[in-house]
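S.K.: Could you have a look at this structure, given as structure tokens, before my questions?
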Amino acid sequence: MNPEPPAGPPEEGRGTPVGRRVFLGTLALGALGVVAAPPLQRGLESLLGAAADKDPTGLTGLLPNGGGFRYYSVASSVPHRDATDYRLTVDGLVDRPATHTLADLRALPQTRMVRDVQCVTGWRVPDTAFEGVRLSVLLDAAGVRSGAGAVRFTCFDGTYSESLTLDQARRADVLVALRMQDKDLGHDHGGPVRLYVAPMYFYKSAKWLSGITVTEKVRPGYWEERGYDVDAWVGRSNGRDDEPTN
């Protein structure tokens, strides 16, 4: 466990990596966005998302949007995917590798939960609804082989990755999420499909999810390779004492 969380970005948004102090400096501005009227929030979110998509400097990543989240990506650009071309693969140590379309995922039983979202850099968005397929459903359908102990996640930004132990991945509060805040997941929030790990800091909830690979052991993800904790329980990791989200 690190005595202090390493310098780095919040997990939701776009731009190049910047330090924790910068984001804490924008916290007061972010609070104004949280209390704004919903139409204004949606308009600001759309505006910042469009600007960030065309911003090679990453400076738009410093601006909080109306929903309390911040745009961020570790890649310089991220391709868009929709129902016509989105695919999610499940492979690795499984008996039945599979490729799921967006329609396939929508046809499966959906689970909705409402929890706070907690960033390791300090900001929190309360009472955020996520809805999607429990990851355990996809793992069971694929038939996890004996000897498997972890799950690795890759993303169609071509850069980000994450991992969970198999026991963590099978928790009822871990989703392959299709909806957020009672809307289909938009591109800027990691859509059309993202991982959602409710009891962990938000960097574990990988955006733009494209691959689920069952492995023997946990392989540190993008931010773990840069100093964050692999087991990222809210309030019990990264040197932080935040209130749990569950």
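Identifiers for the structure tokens are assigned positionally: chains receive A, B, ... in sequence, residues are indexed from 1 per chain, and ligands are indexed from 1 in the order shown.
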Among segment 105-226 of chain A, which residues does DSSP mark as strand (DSSP E or B) when it is run on the backbone? Keep the chain and numbering as in the structure and answer as an MDAnalysis selection string.
M.R.: chainID A and resid 111:118 124:134 144 150:155 161:165 174:180 183:184 194:197 200 209:215
S.K.: For segment 233-235 of chain A, please output as a JSON list (two decimals) with N, CA and C atoms, in the first residue's frame all residues within 6 Å (counting only C-alpha atoms; exclusion window: fewer than 4 positions along the same chain).
M.R.:
```json
[["chain", "number", "residue", "atom", "x", "y", "z"],
["A", 199, "PRO", "N", -17.28, -1.50, -5.74],
["A", 199, "PRO", "CA", -16.63, -1.22, -4.45],
["A", 199, "PRO", "C", -15.20, -0.73, -4.56],
["A", 200, "MET", "N", -14.69, -0.53, -5.77],
["A", 200, "MET", "CA", -13.30, -0.12, -5.95],
["A", 200, "MET", "C", -13.20, 1.28, -6.54],
["A", 201, "TYR", "N", -12.03, 1.89, -6.37],
["A", 201, "TYR", "CA", -11.80, 3.19, -6.99],
["A", 201, "TYR", "C", -12.01, 3.11, -8.49],
["A", 240, "ARG", "N", -5.69, 5.93, 1.19],
["A", 240, "ARG", "CA", -6.84, 6.80, 1.39],
["A", 240, "ARG", "C", -7.82, 6.19, 2.40],
["A", 241, "ASP", "N", -8.65, 7.05, 2.98],
["A", 241, "ASP", "CA", -9.63, 6.60, 3.98],
["A", 241, "ASP", "C", -11.04, 7.04, 3.62],
["A", 242, "ASP", "N", -11.37, 7.06, 2.31],
["A", 242, "ASP", "CA", -12.70, 7.46, 1.86],
["A", 242, "ASP", "C", -13.76, 6.50, 2.39],
["A", 243, "GLU", "N", -14.97, 7.01, 2.50],
["A", 243, "GLU", "CA", -16.10, 6.16, 2.87],
["A", 243, "GLU", "C", -16.34, 5.14, 1.79],
["A", 244, "PRO", "N", -16.58, 3.86, 2.13],
["A", 244, "PRO", "CA", -16.85, 2.85, 1.10],
["A", 244, "PRO", "C", -18.05, 3.24, 0.24]]
```
S.K.: I want to know what sits within 10 Å of Thr84 of chain A, based on only C-alpha atoms, with residues of the same chain fewer than 5 positions away left out; could you give that as a ChimeraX atom specification?
M.R.: /A:101-103
S.K.: Can you write just those residues out, C-alpha atoms, as a CSV table (one decimal), in the first residue's frame?
M.R.:
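Contents of the output file again02.csv:
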```csv
chain,number,residue,atom,x,y,z
A,101,THR,CA,-22.4,-7.8,-30.1
A,102,LEU,CA,-24.1,-4.9,-28.3
A,103,ALA,CA,-27.4,-6.6,-29.1
```
S.K.: How far is it from atom CA of Ala107 of chain A to atom CA of Asp157 of chain A, in Å with one decimal?
M.R.: 25.2 Å
S.K.: May I have the residues within 8 Å of Ala177 of chain A as a compact mmCIF listing (two decimals) with C-alpha atoms, in the first residue's frame, using only C-alpha atoms and disregarding those fewer than 4 positions away in the same chain?
M.R.:
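Result written to part.txt:
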```
# COMPACT_ATOMS: atom_id res chain seq x y z
CA PHE A 130 -25.16 1.83 -13.57
CA GLU A 131 -26.94 -0.96 -15.42
CA GLY A 132 -25.62 -3.93 -17.33
CA VAL A 133 -24.75 -7.62 -17.32
CA LEU A 185 -23.40 4.85 -22.09
CA VAL A 193 -19.73 -0.74 -22.93
CA ARG A 194 -17.47 -0.31 -19.92
CA LEU A 195 -16.51 -2.25 -16.84
CA TYR A 196 -18.04 -1.13 -13.53
```
S.K.: Which of these residues is nearest to Ala83 of chain A, using only C-alpha atoms: A:Thr159, A:Ala172, A:Pro192, A:Leu108?
M.R.: A:Pro192
S.K.: Could you tell me how far atom CA of Thr89 of chain A sits from atom CA of Asp231 of chain A, in Å to one decimal place?
M.R.: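 The value is 24.1 Å.
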S.K.: For atom CA of Gln110 of chain A and atom CA of Ala142 of chain A, quote the distance in Å rounded to one decimal.
M.R.: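 About the pair atom CA of Gln110 of chain A and atom CA of Ala142 of chain A: they are 17.8 Å apart.
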